[in-house]
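Engineer: Enclosed is the structure file start.csv (CSV, C-alpha atoms and all ligand atoms).
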chain,number,residue,atom,x,y,z
G,1,MET,CA,0.0,0.0,0.0
G,2,GLN,CA,2.4,2.6,-1.3
G,3,ARG,CA,0.2,4.7,-3.6
G,4,ILE,CA,-3.5,5.1,-2.7
G,5,LEU,CA,-6.1,6.7,-4.9
G,6,VAL,CA,-8.9,8.2,-2.8
G,7,THR,CA,-12.1,9.0,-4.8
G,8,GLY,CA,-14.3,11.6,-3.2
G,9,GLY,CA,-11.3,12.7,-1.1
G,10,ALA,CA,-12.4,16.3,-0.9
G,11,GLY,CA,-15.8,15.4,0.7
G,12,PHE,CA,-16.6,15.1,4.4
G,13,ILE,CA,-15.4,11.5,5.1
G,14,GLY,CA,-12.9,11.2,2.3
G,15,SER,CA,-11.0,14.3,3.5
G,16,ASN,CA,-10.9,13.1,7.0
G,17,PHE,CA,-9.6,9.8,5.7
G,18,VAL,CA,-6.8,11.5,3.8
G,19,HIS,CA,-5.6,13.3,6.9
G,20,HIS,CA,-5.8,10.0,8.9
G,21,ALA,CA,-3.8,8.1,6.2
G,22,VAL,CA,-1.1,10.8,6.0
G,23,SER,CA,-0.7,10.5,9.8
G,24,HIS,CA,-0.9,6.7,10.1
G,25,THR,CA,0.9,5.4,6.9
G,26,ASP,CA,3.8,6.3,4.7
G,27,ALA,CA,1.7,6.1,1.6
G,28,ARG,CA,1.4,8.8,-1.1
G,29,LEU,CA,-2.2,9.7,-1.8
G,30,THR,CA,-4.0,11.0,-4.9
G,31,VAL,CA,-7.5,12.5,-4.4
G,32,LEU,CA,-9.8,12.2,-7.4
G,33,ASP,CA,-12.8,14.5,-6.8
G,34,LYS,CA,-15.3,16.2,-9.1
G,35,MET,CA,-15.5,19.0,-6.6
G,36,THR,CA,-19.3,19.1,-6.5
G,37,TYR,CA,-21.1,21.4,-4.1
G,38,ALA,CA,-20.2,18.8,-1.3
G,39,ALA,CA,-16.4,19.1,-1.8
G,40,SER,CA,-14.1,21.4,0.1
G,41,ARG,CA,-10.6,22.4,-0.8
G,42,ASP,CA,-10.2,23.8,2.7
G,43,ALA,CA,-10.6,20.3,4.1
G,44,LEU,CA,-7.4,19.3,2.4
G,45,ALA,CA,-5.4,22.4,3.4
G,46,GLY,CA,-2.1,21.9,5.2
G,47,LEU,CA,-1.3,18.4,3.9
G,48,PRO,CA,2.2,17.7,2.8
G,49,GLU,CA,2.5,18.4,-1.0
G,50,ASP,CA,5.0,15.6,-1.5
G,51,ARG,CA,2.4,13.1,-0.1
G,52,VAL,CA,-1.0,14.3,-1.4
G,53,THR,CA,-2.0,15.3,-4.9
G,54,VAL,CA,-5.5,16.5,-6.0
G,55,VAL,CA,-6.9,15.6,-9.4
G,56,VAL,CA,-10.3,17.3,-10.3
G,57,GLY,CA,-12.3,14.8,-12.3
G,58,ASP,CA,-15.3,12.5,-12.6
G,59,VAL,CA,-15.2,8.9,-11.3
G,60,ALA,CA,-17.6,8.0,-14.0
G,61,ASP,CA,-15.2,9.1,-16.8
G,62,ALA,CA,-13.0,6.2,-17.9
G,63,ALA,CA,-10.5,8.5,-19.7
G,64,THR,CA,-9.8,10.1,-16.3
G,65,VAL,CA,-10.0,7.0,-14.1
G,66,ASP,CA,-8.1,4.4,-16.2
G,67,PRO,CA,-4.6,6.1,-16.1
G,68,LEU,CA,-5.0,7.1,-12.5
G,69,VAL,CA,-5.9,3.6,-11.3
G,70,ALA,CA,-3.0,2.2,-13.4
G,71,ALA,CA,-0.6,4.5,-11.4
G,72,HIS,CA,-1.8,3.3,-7.9
G,73,ASP,CA,-1.7,0.0,-6.1
G,74,THR,CA,-4.8,0.7,-3.9
G,75,VAL,CA,-8.1,2.5,-4.4
G,76,VAL,CA,-10.4,3.7,-1.6
G,77,HIS,CA,-13.8,4.6,-3.2
G,78,TYR,CA,-15.7,7.3,-1.3
G,79,ALA,CA,-16.9,9.4,-4.2
G,80,ALA,CA,-20.7,9.5,-4.2
G,81,GLU,CA,-23.8,11.7,-4.2
G,82,SER,CA,-24.5,11.2,-0.5
G,83,HIS,CA,-27.6,13.1,0.7
G,84,ASN,CA,-31.0,11.3,0.9
G,85,ASP,CA,-33.1,14.4,0.6
G,86,ASN,CA,-31.3,15.4,-2.6
G,87,SER,CA,-31.9,12.0,-4.1
G,88,LEU,CA,-35.7,12.5,-3.5
G,89,SER,CA,-35.6,15.8,-5.4
G,90,ASP,CA,-33.4,14.6,-8.3
G,91,PRO,CA,-32.1,11.0,-8.4
G,92,SER,CA,-30.2,11.3,-11.7
G,93,PRO,CA,-26.7,12.3,-10.4
G,94,PHE,CA,-27.0,9.5,-7.8
G,95,ILE,CA,-27.4,6.9,-10.6
G,96,ARG,CA,-24.5,8.3,-12.6
G,97,THR,CA,-22.0,8.8,-9.8
G,98,ASN,CA,-22.9,5.9,-7.5
G,99,LEU,CA,-23.6,3.3,-10.1
G,100,VAL,CA,-21.8,4.3,-13.3
G,101,GLY,CA,-18.9,5.7,-11.2
G,102,THR,CA,-18.4,2.4,-9.3
G,103,PHE,CA,-18.7,0.5,-12.6
G,104,THR,CA,-16.1,2.6,-14.2
G,105,LEU,CA,-13.7,2.1,-11.3
G,106,LEU,CA,-14.3,-1.6,-11.2
G,107,GLU,CA,-13.5,-1.9,-14.9
G,108,ALA,CA,-10.2,0.0,-14.4
G,109,VAL,CA,-9.4,-2.2,-11.4
G,110,ARG,CA,-10.2,-5.3,-13.3
G,111,ARG,CA,-7.6,-4.4,-16.0
G,112,THR,CA,-4.8,-3.4,-13.6
G,113,GLY,CA,-5.2,-5.8,-10.6
G,114,CYS,CA,-5.3,-2.8,-8.2
G,115,ARG,CA,-6.8,-3.5,-4.7
G,116,LEU,CA,-10.1,-1.7,-4.2
G,117,HIS,CA,-12.0,-0.8,-1.0
G,118,HIS,CA,-15.6,0.2,-1.6
G,119,VAL,CA,-17.1,2.5,1.1
G,120,SER,CA,-20.8,2.0,1.5
G,121,THR,CA,-23.6,2.6,4.0
G,122,ASP,CA,-25.8,0.8,6.4
G,123,GLU,CA,-28.8,2.2,4.6
G,124,VAL,CA,-28.6,-0.6,2.1
G,125,TYR,CA,-30.3,-2.8,4.7
G,126,GLY,CA,-33.4,-0.6,5.0
G,127,ASP,CA,-34.6,0.1,8.5
G,128,LEU,CA,-35.5,-1.6,11.8
G,129,GLU,CA,-38.4,-1.2,14.2
G,130,LEU,CA,-37.5,0.9,17.3
G,131,ASP,CA,-38.0,-2.1,19.6
G,132,ASP,CA,-36.3,-4.7,17.3
G,133,PRO,CA,-33.6,-6.5,19.4
G,134,GLU,CA,-31.7,-7.3,16.2
G,135,ARG,CA,-29.1,-5.0,14.6
G,136,PHE,CA,-27.7,-5.1,11.0
G,137,THR,CA,-25.0,-7.7,10.4
G,138,GLU,CA,-23.1,-8.7,7.2
G,139,GLU,CA,-25.8,-11.3,6.7
G,140,THR,CA,-28.8,-8.9,6.7
G,141,ALA,CA,-30.8,-8.9,3.5
G,142,TYR,CA,-30.6,-5.8,1.3
G,143,ARG,CA,-33.8,-3.6,1.4
G,144,PRO,CA,-32.9,0.0,0.5
G,145,SER,CA,-35.6,2.7,0.7
G,146,SER,CA,-34.4,5.8,-1.1
G,147,PRO,CA,-32.9,6.5,-4.5
G,148,TYR,CA,-29.6,7.2,-2.6
G,149,SER,CA,-29.6,3.9,-0.7
G,150,ALA,CA,-30.8,1.9,-3.7
G,151,SER,CA,-27.9,3.4,-5.7
G,152,LYS,CA,-25.4,2.4,-3.0
G,153,ALA,CA,-27.0,-1.1,-2.7
G,154,GLY,CA,-26.5,-1.4,-6.5
G,155,SER,CA,-22.9,-0.3,-6.2
G,156,ASP,CA,-22.3,-3.0,-3.5
G,157,HIS,CA,-23.8,-5.7,-5.8
G,158,LEU,CA,-21.5,-4.5,-8.7
G,159,VAL,CA,-18.4,-4.9,-6.5
G,160,ARG,CA,-19.4,-8.4,-5.3
G,161,ALA,CA,-20.2,-9.5,-8.9
G,162,TRP,CA,-16.7,-8.2,-10.1
G,163,VAL,CA,-15.1,-10.1,-7.2
G,164,ARG,CA,-16.8,-13.3,-8.1
G,165,SER,CA,-16.9,-13.1,-11.9
G,166,PHE,CA,-13.5,-11.4,-12.6
G,167,GLY,CA,-11.5,-12.0,-9.5
G,168,VAL,CA,-11.2,-8.4,-8.6
G,169,ARG,CA,-9.4,-7.9,-5.3
G,170,ALA,CA,-12.0,-5.8,-3.4
G,171,THR,CA,-13.5,-5.4,0.1
G,172,ILE,CA,-16.7,-3.5,1.1
G,173,SER,CA,-17.6,-1.7,4.3
G,174,ASN,CA,-21.0,-0.5,5.3
G,175,CYS,CA,-20.9,2.2,8.0
G,176,SER,CA,-23.5,4.0,10.1
G,177,ASN,CA,-24.0,7.8,10.3
G,178,ASN,CA,-20.8,9.8,10.6
G,179,TYR,CA,-20.3,13.1,12.4
G,180,GLY,CA,-17.3,15.4,12.9
G,181,PRO,CA,-15.5,18.3,11.1
G,182,TRP,CA,-16.1,19.3,7.5
G,183,GLN,CA,-19.6,17.7,7.2
G,184,HIS,CA,-21.7,19.7,4.8
G,185,ILE,CA,-24.4,21.8,6.5
G,186,GLU,CA,-27.2,20.1,4.5
G,187,LYS,CA,-26.8,17.1,6.9
G,188,PHE,CA,-28.6,16.7,10.2
G,189,ILE,CA,-26.0,17.5,12.9
G,190,PRO,CA,-24.2,20.4,11.1
G,191,ARG,CA,-27.6,21.9,10.0
G,192,GLN,CA,-28.9,22.1,13.5
G,193,ILE,CA,-25.6,23.4,15.0
G,194,THR,CA,-25.4,26.1,12.3
G,195,ASN,CA,-29.1,27.0,12.7
G,196,VAL,CA,-28.5,27.8,16.3
G,197,LEU,CA,-25.2,29.6,15.7
G,198,ALA,CA,-27.0,31.7,13.0
G,199,GLY,CA,-29.7,32.6,15.5
G,200,GLY,CA,-32.4,30.2,14.3
G,201,ARG,CA,-33.8,27.0,15.7
G,202,PRO,CA,-33.1,23.3,14.9
G,203,LYS,CA,-35.6,21.6,12.5
G,204,LEU,CA,-36.7,18.1,13.4
G,205,TYR,CA,-38.4,15.9,10.7
G,206,GLY,CA,-41.7,14.6,12.0
G,207,ALA,CA,-41.7,13.7,15.7
G,208,GLY,CA,-37.9,13.1,15.9
G,209,ALA,CA,-38.3,9.4,17.0
G,210,ASN,CA,-36.1,8.1,14.1
G,211,VAL,CA,-32.9,6.6,15.4
G,212,ARG,CA,-29.4,6.8,13.8
G,213,ASP,CA,-26.3,5.0,15.0
G,214,TRP,CA,-23.6,7.8,15.3
G,215,ILE,CA,-19.9,7.2,14.8
G,216,HIS,CA,-17.2,9.8,14.7
G,217,THR,CA,-15.6,10.1,11.3
G,218,GLU,CA,-12.1,9.5,12.7
G,219,ASP,CA,-13.3,6.1,13.9
G,220,HIS,CA,-14.7,5.4,10.4
G,221,SER,CA,-11.2,6.3,9.0
G,222,SER,CA,-9.4,4.0,11.4
G,223,ALA,CA,-11.7,1.1,10.5
G,224,VAL,CA,-11.2,1.6,6.7
G,225,LEU,CA,-7.4,1.7,7.2
G,226,ARG,CA,-7.6,-1.5,9.3
G,227,ILE,CA,-9.6,-3.2,6.5
G,228,LEU,CA,-7.1,-2.1,3.9
G,229,GLU,CA,-4.3,-3.6,6.1
G,230,ALA,CA,-5.9,-6.8,7.2
G,231,GLY,CA,-9.3,-7.3,5.6
G,232,ARG,CA,-9.9,-10.5,3.6
G,233,ILE,CA,-10.5,-10.0,-0.1
G,234,GLY,CA,-14.2,-10.5,-1.1
G,235,GLU,CA,-15.4,-9.8,2.5
G,236,THR,CA,-17.8,-7.2,3.8
G,237,TYR,CA,-17.3,-5.5,7.2
G,238,LEU,CA,-19.9,-3.5,9.0
G,239,ILE,CA,-18.6,-0.4,10.8
G,240,GLY,CA,-20.4,1.0,13.8
G,241,ALA,CA,-19.6,2.3,17.3
G,242,ASP,CA,-22.8,1.5,19.3
G,243,GLY,CA,-24.0,5.1,19.1
G,244,GLU,CA,-27.8,4.8,18.7
G,245,ARG,CA,-29.6,8.1,19.5
G,246,SER,CA,-33.1,9.4,18.4
G,247,ASN,CA,-33.0,12.6,16.4
G,248,LEU,CA,-34.9,14.3,19.3
G,249,GLU,CA,-32.1,13.3,21.7
G,250,VAL,CA,-29.5,14.7,19.3
G,251,VAL,CA,-31.3,18.0,18.9
G,252,ARG,CA,-31.7,18.3,22.7
G,253,LEU,CA,-28.0,17.6,23.2
G,254,ILE,CA,-27.0,20.3,20.6
G,255,LEU,CA,-29.2,22.8,22.3
G,256,ARG,CA,-27.8,21.9,25.7
G,257,VAL,CA,-24.2,22.3,24.5
G,258,LEU,CA,-25.0,25.7,23.0
G,259,GLY,CA,-26.7,26.9,26.2
G,260,ARG,CA,-30.2,27.0,24.8
G,261,ALA,CA,-33.5,25.5,26.2
G,262,GLU,CA,-33.9,21.9,25.2
G,263,ASP,CA,-37.3,22.4,23.7
G,264,ASP,CA,-36.2,25.4,21.5
G,265,PHE,CA,-36.7,23.6,18.2
G,266,GLU,CA,-39.3,23.2,15.4
G,267,HIS,CA,-41.0,20.2,14.0
G,268,VAL,CA,-41.0,20.3,10.1
G,269,THR,CA,-42.4,18.2,7.3
G,270,ASP,CA,-41.1,14.6,7.5
G,271,ARG,CA,-38.9,13.0,4.8
G,272,PRO,CA,-40.9,10.8,2.4
G,273,GLY,CA,-40.1,7.1,3.1
G,274,HIS,CA,-38.1,8.2,6.1
G,275,ASP,CA,-36.1,5.1,7.5
G,276,LEU,CA,-37.1,4.6,11.1
G,277,ARG,CA,-33.9,3.1,12.7
G,278,TYR,CA,-30.4,2.0,11.8
G,279,ALA,CA,-28.3,-0.1,14.2
G,280,ILE,CA,-24.9,-1.8,13.4
G,281,ASP,CA,-23.5,-5.0,14.9
G,282,SER,CA,-19.8,-4.6,14.2
G,283,THR,CA,-18.7,-7.8,15.9
G,284,LYS,CA,-17.0,-9.2,12.8
G,285,LEU,CA,-14.7,-6.1,12.3
G,286,ARG,CA,-13.9,-6.1,16.0
G,287,LYS,CA,-13.2,-9.8,16.4
G,288,GLU,CA,-11.6,-10.5,13.1
G,289,LEU,CA,-9.5,-7.4,12.6
G,290,GLY,CA,-9.2,-6.2,16.2
G,291,TRP,CA,-10.7,-2.7,15.5
G,292,GLU,CA,-12.2,-0.6,18.3
G,293,PRO,CA,-13.6,2.9,18.1
G,294,MET,CA,-11.7,5.6,20.1
G,295,PHE,CA,-14.5,8.2,20.2
G,296,ASP,CA,-16.9,6.4,22.5
G,297,ASP,CA,-18.2,9.6,24.3
G,298,PHE,CA,-20.9,11.0,22.0
G,299,GLU,CA,-21.6,14.0,24.3
G,300,ALA,CA,-17.9,15.0,24.3
G,301,GLY,CA,-17.6,14.4,20.5
G,302,MET,CA,-20.7,16.6,20.0
G,303,ALA,CA,-19.2,19.4,22.2
G,304,ARG,CA,-16.0,19.3,20.1
G,305,THR,CA,-18.0,19.3,16.8
G,306,VAL,CA,-20.1,22.3,18.0
G,307,GLU,CA,-16.8,24.1,18.8
G,308,TRP,CA,-15.4,23.2,15.3
G,309,TYR,CA,-18.5,24.8,13.6
G,310,ARG,CA,-18.2,27.8,15.8
G,311,ASP,CA,-14.5,28.2,14.8
G,312,HIS,CA,-15.2,27.6,11.1
G,313,GLU,CA,-18.1,30.0,10.4
G,314,THR,CA,-16.3,31.5,7.4
G,315,TRP,CA,-16.3,28.0,5.9
G,316,TRP,CA,-20.1,27.3,6.3
G,317,ARG,CA,-21.6,30.7,6.3
G,318,PRO,CA,-21.6,31.3,2.5
G,319,ALA,CA,-23.7,28.2,1.9
G,320,LYS,CA,-26.2,28.6,4.7
G,321,GLU,CA,-28.8,30.8,3.1
G,322,ALA,CA,-29.1,28.7,-0.1
G,323,VAL,CA,-29.3,25.4,1.9
G,324,GLU,CA,-32.0,26.8,4.2
G,325,SER,CA,-34.0,28.3,1.2
G,326,ALA,CA,-34.0,24.9,-0.5
G,327,TYR,CA,-35.2,23.2,2.7
G,328,ALA,CA,-37.8,25.9,3.3
G,329,ALA,CA,-39.3,25.4,-0.2
G,330,LYS,CA,-40.0,21.8,0.8
G,331,GLY,CA,-41.5,22.8,4.2
G,332,GLN,CA,-38.4,21.5,6.0
G,401,LIG,P1,-19.9,13.9,0.7
G,401,LIG,O1,-21.1,14.3,-0.1
G,401,LIG,O2,-19.5,14.9,1.8
G,401,LIG,O3,-18.6,13.8,-0.2
G,401,LIG,C1,-18.7,13.2,-1.5
G,401,LIG,C2,-17.5,13.6,-2.3
G,401,LIG,O4,-17.5,12.9,-3.6
G,401,LIG,C3,-17.5,15.1,-2.6
G,401,LIG,O5,-16.2,15.6,-2.4
G,401,LIG,C4,-17.8,15.1,-4.1
G,401,LIG,O6,-17.3,16.2,-4.8
G,401,LIG,C5,-17.3,13.8,-4.6
G,401,LIG,N1,-18.0,13.4,-5.8
G,401,LIG,C6,-19.3,13.4,-6.1
G,401,LIG,N2,-19.5,13.0,-7.3
G,401,LIG,C7,-18.3,12.7,-7.9
G,401,LIG,C8,-17.9,12.2,-9.1
G,401,LIG,N3,-18.8,11.9,-10.1
G,401,LIG,N4,-16.6,12.0,-9.3
G,401,LIG,C9,-15.7,12.3,-8.4
G,401,LIG,N5,-16.0,12.8,-7.2
G,401,LIG,C10,-17.3,12.9,-6.9
G,401,LIG,O7,-20.1,12.5,1.2
G,401,LIG,P2,-19.6,11.8,2.6
G,401,LIG,O8,-20.6,12.0,3.6
G,401,LIG,O9,-18.2,12.2,2.8
G,401,LIG,O10,-19.7,10.2,2.1
G,401,LIG,C11,-18.5,9.6,1.5
G,401,LIG,C12,-18.9,8.2,1.2
G,401,LIG,O11,-19.2,7.5,2.4
G,401,LIG,C13,-20.1,8.0,0.3
G,401,LIG,O12,-19.8,6.9,-0.6
G,401,LIG,C14,-21.2,7.6,1.3
G,401,LIG,O13,-22.2,6.8,0.6
G,401,LIG,C15,-20.4,6.9,2.3
G,401,LIG,N6,-21.0,6.9,3.7
G,401,LIG,C16,-21.4,8.1,4.2
G,401,LIG,C17,-21.9,8.1,5.5
G,401,LIG,C18,-22.2,9.4,6.2
G,401,LIG,O14,-22.7,9.3,7.4
G,401,LIG,N7,-22.1,10.5,5.6
G,401,LIG,C19,-22.0,6.9,6.2
G,401,LIG,C20,-21.7,5.7,5.6
G,401,LIG,C21,-21.2,5.7,4.3
G,402,LIG,O1,-26.5,5.8,7.7
G,402,LIG,C1,-25.5,6.2,6.9
G,402,LIG,C2,-26.0,7.4,6.1
G,402,LIG,O2,-26.2,8.5,7.0
G,402,LIG,C3,-25.1,7.8,4.9
G,402,LIG,O3,-25.1,6.7,4.0
G,402,LIG,C4,-25.6,9.1,4.2
G,402,LIG,O4,-24.7,9.4,3.2
G,402,LIG,C5,-25.7,10.2,5.2
G,402,LIG,O5,-26.2,11.3,4.6
G,402,LIG,C6,-26.6,9.7,6.4
G,402,LIG,O6,-28.0,9.6,5.9
G,402,LIG,P1,-29.2,10.1,6.8
G,402,LIG,O7,-30.4,10.3,5.9
G,402,LIG,O8,-29.4,9.2,8.0
G,402,LIG,O9,-28.6,11.5,7.4
G,402,LIG,P2,-29.1,13.0,7.5
G,402,LIG,O10,-28.1,13.8,8.1
G,402,LIG,O11,-29.7,13.5,6.2
G,402,LIG,O12,-30.3,12.8,8.5
G,402,LIG,C7,-30.1,12.1,9.8
G,402,LIG,C8,-31.5,12.0,10.5
G,402,LIG,O13,-32.0,13.3,10.8
G,402,LIG,C9,-32.6,11.4,9.6
G,402,LIG,O14,-33.4,10.7,10.4
G,402,LIG,C10,-33.3,12.7,9.0
G,402,LIG,C11,-33.2,13.6,10.2
G,402,LIG,N1,-33.2,15.1,9.8
G,402,LIG,C12,-32.3,15.5,8.9
G,402,LIG,C13,-32.2,16.8,8.6
G,402,LIG,C14,-31.3,17.3,7.5
G,402,LIG,C15,-34.0,16.0,10.6
G,402,LIG,O15,-34.7,15.6,11.5
G,402,LIG,N2,-33.8,17.3,10.3
G,402,LIG,C16,-33.0,17.8,9.3
G,402,LIG,O16,-33.0,19.0,9.1
Kindly return the structure encoded in the file as structure tokens.
Ligand code: NAD
Ligand code: DAU
Structural biologist:
Amino acid sequence: MQRILVTGGAGFIGSNFVHHAVSHTDARLTVLDKMTYAASRDALAGLPEDRVTVVVGDVADAATVDPLVAAHDTVVHYAAESHNDNSLSDPSPFIRTNLVGTFTLLEAVRRTGCRLHHVSTDEVYGDLELDDPERFTEETAYRPSSPYSASKAGSDHLVRAWVRSFGVRATISNCSNNYGPWQHIEKFIPRQITNVLAGGRPKLYGAGANVRDWIHTEDHSSAVLRILEAGRIGETYLIGADGERSNLEVVRLILRVLGRAEDDFEHVTDRPGHDLRYAIDSTKLRKELGWEPMFDDFEAGMARTVEWYRDHETWWRPAKEAVESAYAAKGQ
């Protein structure tokens, strides 16, 4: 693992992984990113120039992807359209990037023998009842709900088919909801933090009973690196840190951290088809690869995240009005 190509490396989780890999390996990294609205050059600032190169390009464009893959021994595939709400407004970029992009990468990897790690989501498994004692495992059947999760489910199936039919050397991980620095303010936690910092109120879809299984993005990065180092080819690993919280609990925590009354939020129109609960059983990753999350205190992690958004207002402020207008137009 000397030369790693990181697709989507200017996005939230990809950029955090690039910083993590620079600190924890000797590898040289190339970021391939289309620099969509979700990307941030600032998130890659301060990295050593002799270790990290940024290429602006589309993962669904074979003319860009083929020579890049040929020049690397490992690919970590983060590039995606990632926001469920956007996929309900316009699914088309989700199909192109998440499906055609993954296909394009797989074909390049098939030709070169490069090792691929495909980064996916727990949403491929659909949702659980609030009182279901079961959690998602590597054996859970696929049952995606939204255009986003269906496109990610399709990309997982493509990777498995290329492993079985063509002997591509790939692994897959399905992770739960990430939080931490550089997350776009369209997403739940940064939206609510920046709403309060901007003088407004958090906006809760429906009653706020929906549960997400939160993991700090740094723990996601350490898990992906561990899978790259020791994961078995063809295997899938679920990544989670036992962080189940209802959206209502998260909003109340954010308000508490920011010194506001815990009921100072608004209920807004619910997301169509809104998945009720996600929960990850990451026993396989922990037992087989010895991985453990480091950020096990969600309250402390949230306090640091709130501080990060307070300190980076110049980064998120220019996008805030447009993000909120788009939500307001949908009653959210
Ligand atoms: P993000 O939207 O913040 O970043 C995605 C990045 O991909 C952006 O930099 C964007 O410019 C880039 N990109 C989009 N289309 C591209 C294309 N056609 N070619 C090249 N680059 C392109 O997303 P994120 O939250 O960082 O998620 C990264 C990956 O992790 C995704 O594959 C997502 O499905 C997966 N994932 C996310 C979470 C989460 O909680 N956010 C959890 C589990 C898995
Ligand atoms: O589970 C992993 C997935 O987590 C990733 O695959 C996705 O890329 C990532 O976006 C995330 O999907 P969610 O739909 O769970 O995340 P989001 O931040 O959009 O919403 C989290 C929860 O908060 C969800 O139940 C919807 C709710 N919500 C969201 C927003 C933006 C609100 O109540 N209010 C809001 O304003």
Engineer: Smallest atom-to-atom distance to Arg3 (chain G): which of G:His20, G:His216, G:Arg252, G:Arg115, using all atoms listed in the file?
Structural biologist: G:Arg115
Engineer: Near Phe17 (chain G), within 9 Å and counting only C-alpha atoms, which residues show up once chain neighbours fewer than 6 positions away are dropped, as a PyMOL selection string?
Structural biologist: chain G and resi 6+9+217-218+220-222+224-225
Engineer: List the spatial neighbours of region 308-310 of chain G as JSON, numbers by chain - criterion: any atom at most 9 Å away, all atoms listed in the file, same-chain residues fewer than 4 positions off excluded.
Structural biologist: {"G": [180, 181, 182, 190, 193, 194, 197, 303, 304, 315, 316]}
Engineer: So how many Å separate CA of Ala62 (chain G) and CA of Leu105 (chain G), to one decimal?
Structural biologist: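 We find that CA of Ala62 (chain G) and CA of Leu105 (chain G) lie 7.8 Å from each other.
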Engineer: Using all atoms listed in the file, which residue out of G:Arg201, G:Arg28, G:His157, G:His184 lies closest to Phe103 (chain G)?
Structural biologist: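 Of G:Arg201, G:Arg28, G:His157, G:His184, the one nearest Phe103 (chain G) is G:His157, counting all atoms listed in the file.
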Engineer: Restrict the calculation to all atoms listed in the file, then for each residue of region 80-182 of chain G with any atom at most 12 Å from an atom of region 40-58 of chain G give the closest atom pair and their distance in Å to one decimal, rows by chain and rising residue number, as CSV.
Structural biologist:
residue,atom,partner,partner_atom,distance
G:Ala80,CA,G:Asp58,CA,10.4
G:Glu81,CA,G:Asp58,CA,12.0
G:Pro93,CA,G:Asp58,CA,11.6
G:Arg96,CA,G:Asp58,CA,10.1
G:Thr97,CA,G:Asp58,CA,8.1
G:Asn98,CA,G:Asp58,CA,11.3
G:Val100,CA,G:Asp58,CA,10.5
G:Gly101,CA,G:Asp58,CA,7.8
G:Thr102,CA,G:Asp58,CA,11.1
G:Thr104,CA,G:Asp58,CA,10.1
G:Leu105,CA,G:Asp58,CA,10.6
G:Pro181,CA,G:Ala43,CA,8.8
G:Trp182,CA,G:Ala43,CA,6.5
Engineer: Keeping C-alpha atoms for every residue in the selection just given, could you write it to a file as a tab-separated table (two decimals), in the coordinates of the input?
Structural biologist:
chain	number	residue	atom	x	y	z
G	80	ALA	CA	-20.70	9.50	-4.20
G	81	GLU	CA	-23.80	11.70	-4.20
G	93	PRO	CA	-26.70	12.30	-10.40
G	96	ARG	CA	-24.50	8.30	-12.60
G	97	THR	CA	-22.00	8.80	-9.80
G	98	ASN	CA	-22.90	5.90	-7.50
G	100	VAL	CA	-21.80	4.30	-13.30
G	101	GLY	CA	-18.90	5.70	-11.20
G	102	THR	CA	-18.40	2.40	-9.30
G	104	THR	CA	-16.10	2.60	-14.20
G	105	LEU	CA	-13.70	2.10	-11.30
G	181	PRO	CA	-15.50	18.30	11.10
G	182	TRP	CA	-16.10	19.30	7.50
Engineer: Neighbouring residues of Thr74 (chain G) were defined as those with any atom within 12 Å, considering only C-alpha atoms; residues of the same chain fewer than 5 positions away were excluded. Please report them as a list in words.
Structural biologist: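 So, after excluding close chain neighbours, the residues are Met1, Gln2, Arg3, Ile4, Leu5, Val6, Thr7, Ala27, Arg28, Leu29, Thr30, Leu68, Val69, Leu105, Ala108, Val109, Thr112, Gly113, Cys114, Arg115, Leu116, His117, His118, Arg169, Ala170, Thr171, Leu225, Leu228 and Glu229 of chain G.
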Engineer: For each of G:Ala150, G:Ile95, G:Ala319, G:Ala279, take the minimum atom-to-atom distance to Glu134 (chain G), counting all atoms listed in the file, then give the residue where this is smallest.
Structural biologist: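 For Glu134 (chain G), the nearest of the given residues is G:Ala279.
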Engineer: Enter the distance from CA of Gly290 (chain G) to CA of Ala223 (chain G), in Å, rounded to one decimal.
Structural biologist: 9.6 Å
Engineer: Dump the neighbourhood of ligand LIG 401 (chain G) as a compact mmCIF listing (two decimals) with C-alpha atoms, keeping the file's coordinate frame: all residues within 7 Å, distances computed on all atoms listed in the file.
Structural biologist:
# COMPACT_ATOMS: atom_id res chain seq x y z
CA THR G 7 -12.10 9.00 -4.80
CA GLY G 8 -14.30 11.60 -3.20
CA GLY G 9 -11.30 12.70 -1.10
CA ALA G 10 -12.40 16.30 -0.90
CA GLY G 11 -15.80 15.40 0.70
CA PHE G 12 -16.60 15.10 4.40
CA ILE G 13 -15.40 11.50 5.10
CA GLY G 14 -12.90 11.20 2.30
CA LEU G 32 -9.80 12.20 -7.40
CA ASP G 33 -12.80 14.50 -6.80
CA LYS G 34 -15.30 16.20 -9.10
CA MET G 35 -15.50 19.00 -6.60
CA THR G 36 -19.30 19.10 -6.50
CA TYR G 37 -21.10 21.40 -4.10
CA ALA G 38 -20.20 18.80 -1.30
CA ALA G 39 -16.40 19.10 -1.80
CA SER G 40 -14.10 21.40 0.10
CA GLY G 57 -12.30 14.80 -12.30
CA ASP G 58 -15.30 12.50 -12.60
CA VAL G 59 -15.20 8.90 -11.30
CA ALA G 60 -17.60 8.00 -14.00
CA HIS G 77 -13.80 4.60 -3.20
CA TYR G 78 -15.70 7.30 -1.30
CA ALA G 79 -16.90 9.40 -4.20
CA ALA G 80 -20.70 9.50 -4.20
CA GLU G 81 -23.80 11.70 -4.20
CA SER G 82 -24.50 11.20 -0.50
CA HIS G 83 -27.60 13.10 0.70
CA THR G 97 -22.00 8.80 -9.80
CA GLY G 101 -18.90 5.70 -11.20
CA VAL G 119 -17.10 2.50 1.10
CA SER G 120 -20.80 2.00 1.50
CA THR G 121 -23.60 2.60 4.00
CA ASP G 122 -25.80 0.80 6.40
CA LYS G 152 -25.40 2.40 -3.00
CA ASN G 174 -21.00 -0.50 5.30
CA CYS G 175 -20.90 2.20 8.00
CA SER G 176 -23.50 4.00 10.10
CA ASN G 177 -24.00 7.80 10.30
CA ASN G 178 -20.80 9.80 10.60
CA TYR G 179 -20.30 13.10 12.40
CA GLN G 183 -19.60 17.70 7.20
CA HIS G 184 -21.70 19.70 4.80
